[in-house]
$ cat my_file.cif   # mmCIF, C-alpha atoms
data_structure
#
loop_
_atom_site.group_PDB
_atom_site.id
_atom_site.type_symbol
_atom_site.label_atom_id
_atom_site.label_comp_id
_atom_site.auth_asym_id
_atom_site.auth_seq_id
_atom_site.Cartn_x
_atom_site.Cartn_y
_atom_site.Cartn_z
ATOM 1 C CA MET A 1 83.421 65.965 -9.644
ATOM 2 C CA VAL A 2 80.138 66.501 -7.797
ATOM 3 C CA TYR A 3 76.839 65.793 -9.523
ATOM 4 C CA LEU A 4 73.586 67.231 -8.306
ATOM 5 C CA VAL A 5 70.400 65.266 -8.107
ATOM 6 C CA PRO A 6 68.001 66.996 -10.516
ATOM 7 C CA GLY A 7 65.491 69.191 -8.732
ATOM 8 C CA VAL A 8 66.885 68.465 -5.275
ATOM 9 C CA GLY A 9 70.235 70.241 -5.101
ATOM 10 C CA VAL A 10 71.883 67.456 -3.078
ATOM 11 C CA PRO A 11 75.315 66.295 -4.258
ATOM 12 C CA THR A 12 75.140 62.662 -5.354
ATOM 13 C CA GLU A 13 78.208 61.835 -3.279
ATOM 14 C CA ASP A 14 76.101 62.602 -0.179
ATOM 15 C CA ILE A 15 73.448 60.064 -1.179
ATOM 16 C CA SER A 16 74.208 56.539 0.035
ATOM 17 C CA ASP A 17 74.284 53.519 -2.237
ATOM 18 C CA SER A 18 71.393 52.157 -0.219
ATOM 19 C CA ASP A 19 69.210 55.212 -0.912
ATOM 20 C CA LEU A 20 70.088 55.181 -4.604
ATOM 21 C CA THR A 21 69.345 51.460 -4.797
ATOM 22 C CA GLN A 22 65.956 51.946 -3.147
ATOM 23 C CA LYS A 23 65.121 54.678 -5.669
ATOM 24 C CA CYS A 24 66.184 52.352 -8.504
ATOM 25 C CA LEU A 25 63.837 49.680 -7.185
ATOM 26 C CA GLN A 26 61.048 52.262 -7.381
ATOM 27 C CA GLY A 27 61.831 52.784 -11.067
ATOM 28 C CA ASP A 28 64.106 55.846 -10.846
ATOM 29 C CA ARG A 29 66.601 55.359 -13.698
ATOM 30 C CA GLN A 30 68.465 58.549 -12.791
ATOM 31 C CA SER A 31 69.509 56.914 -9.525
ATOM 32 C CA PHE A 32 70.985 53.987 -11.420
ATOM 33 C CA ARG A 33 72.862 56.448 -13.624
ATOM 34 C CA GLN A 34 74.353 57.909 -10.438
ATOM 35 C CA LEU A 35 75.411 54.451 -9.251
ATOM 36 C CA TYR A 36 76.919 53.863 -12.689
ATOM 37 C CA GLN A 37 78.884 57.111 -12.493
ATOM 38 C CA ARG A 38 80.053 56.213 -8.998
ATOM 39 C CA TYR A 39 81.312 52.709 -9.879
ATOM 40 C CA HIS A 40 81.995 52.703 -13.625
ATOM 41 C CA GLN A 41 85.726 53.375 -13.387
ATOM 42 C CA ARG A 42 86.283 50.823 -10.615
ATOM 43 C CA VAL A 43 84.421 48.108 -12.532
ATOM 44 C CA ARG A 44 86.348 48.957 -15.698
ATOM 45 C CA SER A 45 89.682 48.869 -13.899
ATOM 46 C CA THR A 46 88.894 45.542 -12.246
ATOM 47 C CA LEU A 47 87.805 43.971 -15.521
ATOM 48 C CA TYR A 48 90.893 45.305 -17.272
ATOM 49 C CA GLN A 49 93.148 43.699 -14.665
ATOM 50 C CA LEU A 50 91.247 40.398 -14.775
ATOM 51 C CA CYS A 51 90.536 40.127 -18.507
ATOM 52 C CA GLY A 52 92.735 42.558 -20.418
ATOM 53 C CA THR A 53 91.503 44.885 -23.124
ATOM 54 C CA SER A 54 89.620 42.359 -25.217
ATOM 55 C CA ALA A 55 85.933 43.359 -25.281
ATOM 56 C CA LEU A 56 86.426 45.577 -22.206
ATOM 57 C CA ASP A 57 83.612 47.994 -23.075
ATOM 58 C CA ASP A 58 81.217 45.102 -23.681
ATOM 59 C CA LEU A 59 82.167 43.507 -20.359
ATOM 60 C CA VAL A 60 81.576 46.740 -18.433
ATOM 61 C CA GLN A 61 78.208 47.081 -20.134
ATOM 62 C CA GLU A 62 77.369 43.475 -19.243
ATOM 63 C CA VAL A 63 78.156 44.105 -15.557
ATOM 64 C CA PHE A 64 75.821 47.081 -15.343
ATOM 65 C CA LEU A 65 73.131 45.352 -17.389
ATOM 66 C CA ARG A 66 73.204 42.401 -14.982
ATOM 67 C CA ALA A 67 73.158 44.822 -12.049
ATOM 68 C CA TRP A 68 70.099 46.646 -13.405
ATOM 69 C CA LYS A 69 68.245 43.400 -14.058
ATOM 70 C CA GLY A 70 69.324 41.896 -10.738
ATOM 71 C CA LEU A 71 68.456 44.837 -8.481
ATOM 72 C CA PRO A 72 65.182 43.264 -7.288
ATOM 73 C CA GLN A 73 67.183 40.272 -5.951
ATOM 74 C CA LEU A 74 69.625 42.486 -4.001
ATOM 75 C CA ARG A 75 68.946 41.774 -0.326
ATOM 76 C CA GLN A 76 71.390 44.080 1.453
ATOM 77 C CA THR A 77 71.186 47.374 -0.378
ATOM 78 C CA ALA A 78 73.858 48.853 1.906
ATOM 79 C CA GLN A 79 76.347 46.425 0.314
ATOM 80 C CA PHE A 80 75.795 47.500 -3.299
ATOM 81 C CA SER A 81 79.538 47.777 -3.973
ATOM 82 C CA THR A 82 80.232 44.220 -2.786
ATOM 83 C CA TRP A 83 77.325 42.916 -4.850
ATOM 84 C CA LEU A 84 78.544 44.844 -7.924
ATOM 85 C CA TYR A 85 82.073 43.469 -7.548
ATOM 86 C CA ARG A 86 80.572 39.972 -7.323
ATOM 87 C CA ILE A 87 78.788 40.581 -10.643
ATOM 88 C CA THR A 88 82.065 41.893 -12.058
ATOM 89 C CA TRP A 89 83.834 38.712 -10.917
ATOM 90 C CA ASN A 90 81.114 36.543 -12.509
ATOM 91 C CA VAL A 91 81.327 38.436 -15.811
ATOM 92 C CA ALA A 92 85.113 38.071 -15.786
ATOM 93 C CA CYS A 93 84.846 34.318 -15.160
ATOM 94 C CA ASP A 94 82.260 33.947 -17.932
ATOM 95 C CA GLN A 95 84.401 35.913 -20.353
ATOM 96 C CA ARG A 96 87.502 33.881 -19.563
ATOM 97 C CA ARG A 97 85.656 30.609 -20.094
ATOM 98 C CA GLN A 98 84.162 31.747 -23.408
ATOM 99 C CA PHE A 99 87.161 33.525 -24.901
ATOM 100 C CA ALA A 100 90.261 31.913 -23.343
ATOM 101 C CA GLN A 101 91.865 31.025 -26.675
ATOM 102 C CA GLN A 102 90.865 34.297 -28.343
ATOM 103 C CA ARG A 103 92.183 36.320 -25.396
ATOM 104 C CA ASN A 104 95.605 34.662 -25.619
ATOM 105 C CA PHE A 105 95.759 35.509 -29.306
ATOM 106 C CA ASN A 106 94.693 39.132 -28.641
ATOM 107 C CA THR A 107 97.269 39.511 -25.869
ATOM 108 C CA LYS A 108 100.036 38.427 -28.235
ATOM 109 C CA LEU A 109 98.847 40.938 -30.833
ATOM 110 C CA GLU A 110 98.683 43.752 -28.270
ATOM 111 C CA SER A 111 102.243 43.104 -27.111
ATOM 112 C CA GLN A 112 103.393 43.597 -30.721
ATOM 113 C CA ASP A 113 101.399 46.824 -31.206
ATOM 114 C CA PRO A 114 103.584 49.250 -33.232
ATOM 115 C CA LYS A 115 101.787 52.225 -31.668
ATOM 116 C CA GLN A 116 103.671 51.573 -28.420
ATOM 117 C CA SER A 117 106.965 52.479 -30.082
ATOM 118 C CA GLN A 118 105.598 55.968 -30.899
ATOM 119 C CA LEU A 119 105.092 56.942 -27.238
ATOM 120 C CA PRO A 120 107.231 59.752 -25.843
ATOM 121 C CA ALA A 121 110.417 58.714 -24.022
ATOM 122 C CA PRO A 122 109.453 59.976 -20.505
ATOM 123 C CA ASP A 123 106.650 57.432 -20.301
ATOM 124 C CA LEU A 124 108.706 54.445 -21.412
ATOM 125 C CA MET A 125 109.838 53.383 -17.930
ATOM 126 C CA GLN A 126 106.314 53.626 -16.552
ATOM 127 C CA LEU A 127 105.000 51.658 -19.511
ATOM 128 C CA HIS A 128 107.731 49.078 -18.988
ATOM 129 C CA TYR A 129 106.742 48.559 -15.342
ATOM 130 C CA GLN A 130 103.031 48.499 -16.208
ATOM 131 C CA ASP A 131 103.766 45.864 -18.826
ATOM 132 C CA LEU A 132 105.776 43.828 -16.324
ATOM 133 C CA VAL A 133 102.940 43.972 -13.780
ATOM 134 C CA ARG A 134 100.412 43.012 -16.472
ATOM 135 C CA ARG A 135 102.583 40.079 -17.536
ATOM 136 C CA ALA A 136 103.074 39.047 -13.902
ATOM 137 C CA LEU A 137 99.294 39.121 -13.378
ATOM 138 C CA GLU A 138 98.796 36.984 -16.483
ATOM 139 C CA GLN A 139 101.054 34.319 -14.946
ATOM 140 C CA LEU A 140 98.675 33.949 -11.980
ATOM 141 C CA SER A 141 95.591 31.775 -11.868
ATOM 142 C CA LEU A 142 92.327 33.693 -12.091
ATOM 143 C CA GLU A 143 91.692 33.063 -8.386
ATOM 144 C CA HIS A 144 95.045 34.542 -7.355
ATOM 145 C CA ARG A 145 94.752 37.396 -9.832
ATOM 146 C CA ALA A 146 91.307 38.277 -8.489
ATOM 147 C CA VAL A 147 92.488 38.732 -4.899
ATOM 148 C CA ILE A 148 95.488 40.815 -5.996
ATOM 149 C CA VAL A 149 93.371 43.037 -8.253
ATOM 150 C CA LEU A 150 90.548 43.520 -5.754
ATOM 151 C CA HIS A 151 92.659 43.936 -2.619
ATOM 152 C CA ASP A 152 95.939 45.483 -3.754
ATOM 153 C CA LEU A 153 94.866 47.448 -6.822
ATOM 154 C CA GLU A 154 91.234 48.313 -6.056
ATOM 155 C CA GLU A 155 91.857 48.548 -2.286
ATOM 156 C CA VAL A 156 88.844 46.436 -1.350
ATOM 157 C CA PRO A 157 89.143 45.159 2.267
ATOM 158 C CA GLN A 158 89.912 41.445 2.696
ATOM 159 C CA LYS A 159 86.544 40.750 4.316
ATOM 160 C CA GLU A 160 84.735 42.279 1.341
ATOM 161 C CA VAL A 161 86.974 40.394 -1.119
ATOM 162 C CA ALA A 162 85.913 37.196 0.663
ATOM 163 C CA GLN A 163 82.235 38.131 0.212
ATOM 164 C CA ILE A 164 82.731 39.021 -3.445
ATOM 165 C CA LEU A 165 84.511 35.774 -4.267
ATOM 166 C CA GLY A 166 82.412 33.629 -1.940
ATOM 167 C CA ILE A 167 85.411 32.278 -0.020
ATOM 168 C CA PRO A 168 86.580 32.492 3.619
ATOM 169 C CA VAL A 169 88.783 35.416 4.706
ATOM 170 C CA GLY A 170 91.562 32.940 5.498
ATOM 171 C CA THR A 171 91.535 31.777 1.889
ATOM 172 C CA VAL A 172 91.797 35.403 0.724
ATOM 173 C CA LYS A 173 94.846 35.879 2.971
ATOM 174 C CA SER A 174 96.431 32.661 1.715
ATOM 175 C CA ARG A 175 95.820 33.539 -1.938
ATOM 176 C CA LEU A 176 97.208 37.050 -1.392
ATOM 177 C CA PHE A 177 100.361 35.601 0.162
ATOM 178 C CA HIS A 178 100.929 33.121 -2.669
ATOM 179 C CA ALA A 179 99.977 35.578 -5.426
ATOM 180 C CA ARG A 180 102.326 38.251 -4.082
ATOM 181 C CA ALA A 181 105.130 35.706 -3.804
ATOM 182 C CA ALA A 182 104.576 34.540 -7.393
ATOM 183 C CA MET A 183 104.502 38.127 -8.671
ATOM 184 C CA ARG A 184 107.633 39.002 -6.698
ATOM 185 C CA GLN A 185 109.424 35.978 -8.154
ATOM 186 C CA PHE A 186 108.327 36.857 -11.710
ATOM 187 C CA LEU A 187 109.423 40.485 -11.341
ATOM 188 C CA GLN A 188 112.798 39.484 -9.883
ATOM 189 C CA LYS A 189 113.381 37.158 -12.851
ATOM 190 C CA GLN A 190 112.704 40.167 -15.085
ATOM 191 C CA GLY A 191 115.461 42.107 -13.293
ATOM 192 C CA VAL A 192 113.254 44.295 -11.099
ATOM 193 C CA GLN A 193 114.883 45.013 -7.731
ATOM 194 C CA LEU A 194 112.286 44.827 -4.957
#

$ encode --input "my_file.cif" --output "C-alpha cells"
Amino acid sequence: MVYLVPGVGVPTEDISDSDLTQKCLQGDRQSFRQLYQRYHQRVRSTLYQLCGTSALDDLVQEVFLRAWKGLPQLRQTAQFSTWLYRITWNVACDQRRQFAQQRNFNTKLESQDPKQSQLPAPDLMQLHYQDLVRRALEQLSLEHRAVIVLHDLEEVPQKEVAQILGIPVGTVKSRLFHARAAMRQFLQKQGVQL
C-alpha cells in the first residue's frame, strides 16, 4: 500500500526515515503518522513474540508514545528503525518485570481457549506448529528470545540486533546459536522432525 504525502504527491515509501524524523522534530505530526504506519506491524509482531498477547495493544501504544516523546533525543535520525526497536525492547523488558506472574496466568488461560477448537480443520496443522514455536520461545530466557525474534523472525541484521540490545555482535551470535539449539531440542522432544 502506498500513501501519499498530503499536498506533495510523493509516496511515503520514497521518503526516508531520516527526512520524516526531521519533519517530526519540526512539529509535523503527519510525518510521525507515516513512521507509525511504516513500523506499526513490525513493532506489534516483535512485542507479540517477546510478551505474548497480554496488553499487546497497550504495549504498542507505549512504544510509539515513548518514540514521540523521545524524538528530540534521537541523535542519528538515519537509524530510526534501530532506535525504535530499542524502545520496543525496553517496553518488553518493563512489561515482563511488571507483569511476570500475570502473564504466566494469562498464557495458561489462552492455551485453554475453547475458541481454538472451533477453527476449521485446514488450519489446525499450522496452528499446531505456531503453538509449538510459541511454547519453544517461552522456554527461552528473554535475552535469547529477543535475538531469535529480532534476527530470525523480524529479519533484523545481527549488527543492528547488537545495537538494539546494547551488546556486542559476538554475543548476538552466541545467543542465536544457543537459542536455536534450545528451540531445536524442544521441538524434537515434541516430535517435530527437523

$ residues_around --input "my_file.cif" --residues "Gln190 (chain A)" --least-positions-apart "4" --cutoff "10 Å" --atoms "all atoms listed in the file" --output "ChimeraX atom specification"
/A:132,136,184-186

$ closest_residue --input "my_file.cif" --among "A:Val43, A:Leu71, A:Leu187, A:Leu65" --to "Val149 (chain A)" --atoms "all atoms listed in the file"
A:Val43

$ resolve_selection --input "my_file.cif" --expression "the PyMOL selection byres ((chain A and resi 87-93) around 9)" --output "list in words"
Val43, Thr46, Leu47, Leu50, Cys51, Leu59, Val60, Glu62, Val63, Phe64, Arg66, Ala67, Thr82, Trp83, Leu84, Tyr85, Arg86, Asp94, Gln95, Arg96, Arg97, Gln98, Leu142, Ala146, Ile164 and Leu165 of chain A

$ axis_aligned_box --input "my_file.cif" --around "region 145-158 of chain A" --padding-each-side "4 Å" --output "JSON"
{"center_x": 92.4, "center_y": 43.0, "center_z": -3.6, "size_x": 15.1, "size_y": 19.2, "size_z": 20.5}

$ closest_residue --input "my_file.cif" --among "A:Gln49, A:Gln61, A:Gln37, A:Ser18" --to "Leu137 (chain A)" --atoms "only C-alpha atoms"
A:Gln49

$ atom_distance --input "my_file.cif" --atom1 "CA of Asp28 (chain A)" --atom2 "CA of Lys69 (chain A)"
13.5 Å

$ closest_residue --input "my_file.cif" --among "A:Cys24, A:Gln30, A:Thr53, A:His151" --to "Gly70 (chain A)" --atoms "only C-alpha atoms"
A:Cys24

$ atom_distance --input "my_file.cif" --atom1 "CA of Leu153 (chain A)" --atom2 "CA of Ser45 (chain A)"
8.9 Å

$ atom_distance --input "my_file.cif" --atom1 "CA of Leu25 (chain A)" --atom2 "CA of Leu74 (chain A)"
9.8 Å

$ closest_residue --input "my_file.cif" --among "A:Gln26, A:Pro72, A:Ala182, A:Asp17" --to "Ser141 (chain A)" --atoms "only C-alpha atoms"
A:Ala182

$ closest_residue --input "my_file.cif" --among "A:Thr171, A:Trp68, A:Gln130, A:Arg75" --to "Arg29 (chain A)" --atoms "all atoms listed in the file"
A:Trp68

$ build_atoms --input "my_file.cif" --residues "region 49-64 of chain A" --atoms "N, CA, C and O atoms" --output "compact mmCIF listing (two decimals), in the coordinates of the input"
# COMPACT_ATOMS: atom_id res chain seq x y z
N GLN A 49 92.11 44.49 -15.34
CA GLN A 49 93.15 43.70 -14.66
C GLN A 49 92.87 42.19 -14.75
O GLN A 49 93.79 41.39 -14.80
N LEU A 50 91.60 41.82 -14.74
CA LEU A 50 91.25 40.40 -14.78
C LEU A 50 91.20 39.83 -16.19
O LEU A 50 91.51 38.66 -16.39
N CYS A 51 90.80 40.65 -17.16
CA CYS A 51 90.54 40.13 -18.51
C CYS A 51 91.34 40.77 -19.62
O CYS A 51 91.29 40.30 -20.75
N GLY A 52 92.02 41.86 -19.36
CA GLY A 52 92.74 42.56 -20.42
C GLY A 52 91.80 43.48 -21.19
O GLY A 52 90.70 43.80 -20.75
N THR A 53 92.26 43.89 -22.36
CA THR A 53 91.50 44.88 -23.12
C THR A 53 90.46 44.29 -24.06
O THR A 53 89.60 45.00 -24.56
N SER A 54 90.54 42.99 -24.28
CA SER A 54 89.62 42.36 -25.22
C SER A 54 88.18 42.50 -24.76
O SER A 54 87.81 42.03 -23.68
N ALA A 55 87.37 43.17 -25.54
CA ALA A 55 85.93 43.36 -25.28
C ALA A 55 85.66 44.07 -23.96
O ALA A 55 84.61 43.85 -23.34
N LEU A 56 86.56 44.92 -23.50
CA LEU A 56 86.43 45.58 -22.21
C LEU A 56 85.14 46.40 -22.10
O LEU A 56 84.41 46.29 -21.11
N ASP A 57 84.84 47.18 -23.12
CA ASP A 57 83.61 47.99 -23.08
C ASP A 57 82.37 47.12 -22.98
O ASP A 57 81.44 47.42 -22.23
N ASP A 58 82.36 46.01 -23.73
CA ASP A 58 81.22 45.10 -23.68
C ASP A 58 81.08 44.46 -22.30
O ASP A 58 79.97 44.26 -21.81
N LEU A 59 82.21 44.13 -21.68
CA LEU A 59 82.17 43.51 -20.36
C LEU A 59 81.64 44.48 -19.31
O LEU A 59 80.83 44.10 -18.45
N VAL A 60 82.08 45.73 -19.37
CA VAL A 60 81.58 46.74 -18.43
C VAL A 60 80.07 46.89 -18.61
O VAL A 60 79.31 46.93 -17.64
N GLN A 61 79.64 46.96 -19.85
CA GLN A 61 78.21 47.08 -20.13
C GLN A 61 77.45 45.87 -19.59
O GLN A 61 76.37 46.02 -19.01
N GLU A 62 78.01 44.68 -19.74
CA GLU A 62 77.37 43.48 -19.24
C GLU A 62 77.22 43.51 -17.72
O GLU A 62 76.19 43.10 -17.18
N VAL A 63 78.23 44.01 -17.02
CA VAL A 63 78.16 44.10 -15.56
C VAL A 63 76.98 44.99 -15.15
O VAL A 63 76.16 44.61 -14.30
N PHE A 64 76.88 46.16 -15.75
CA PHE A 64 75.82 47.08 -15.34
C PHE A 64 74.44 46.63 -15.83
O PHE A 64 73.44 46.90 -15.17
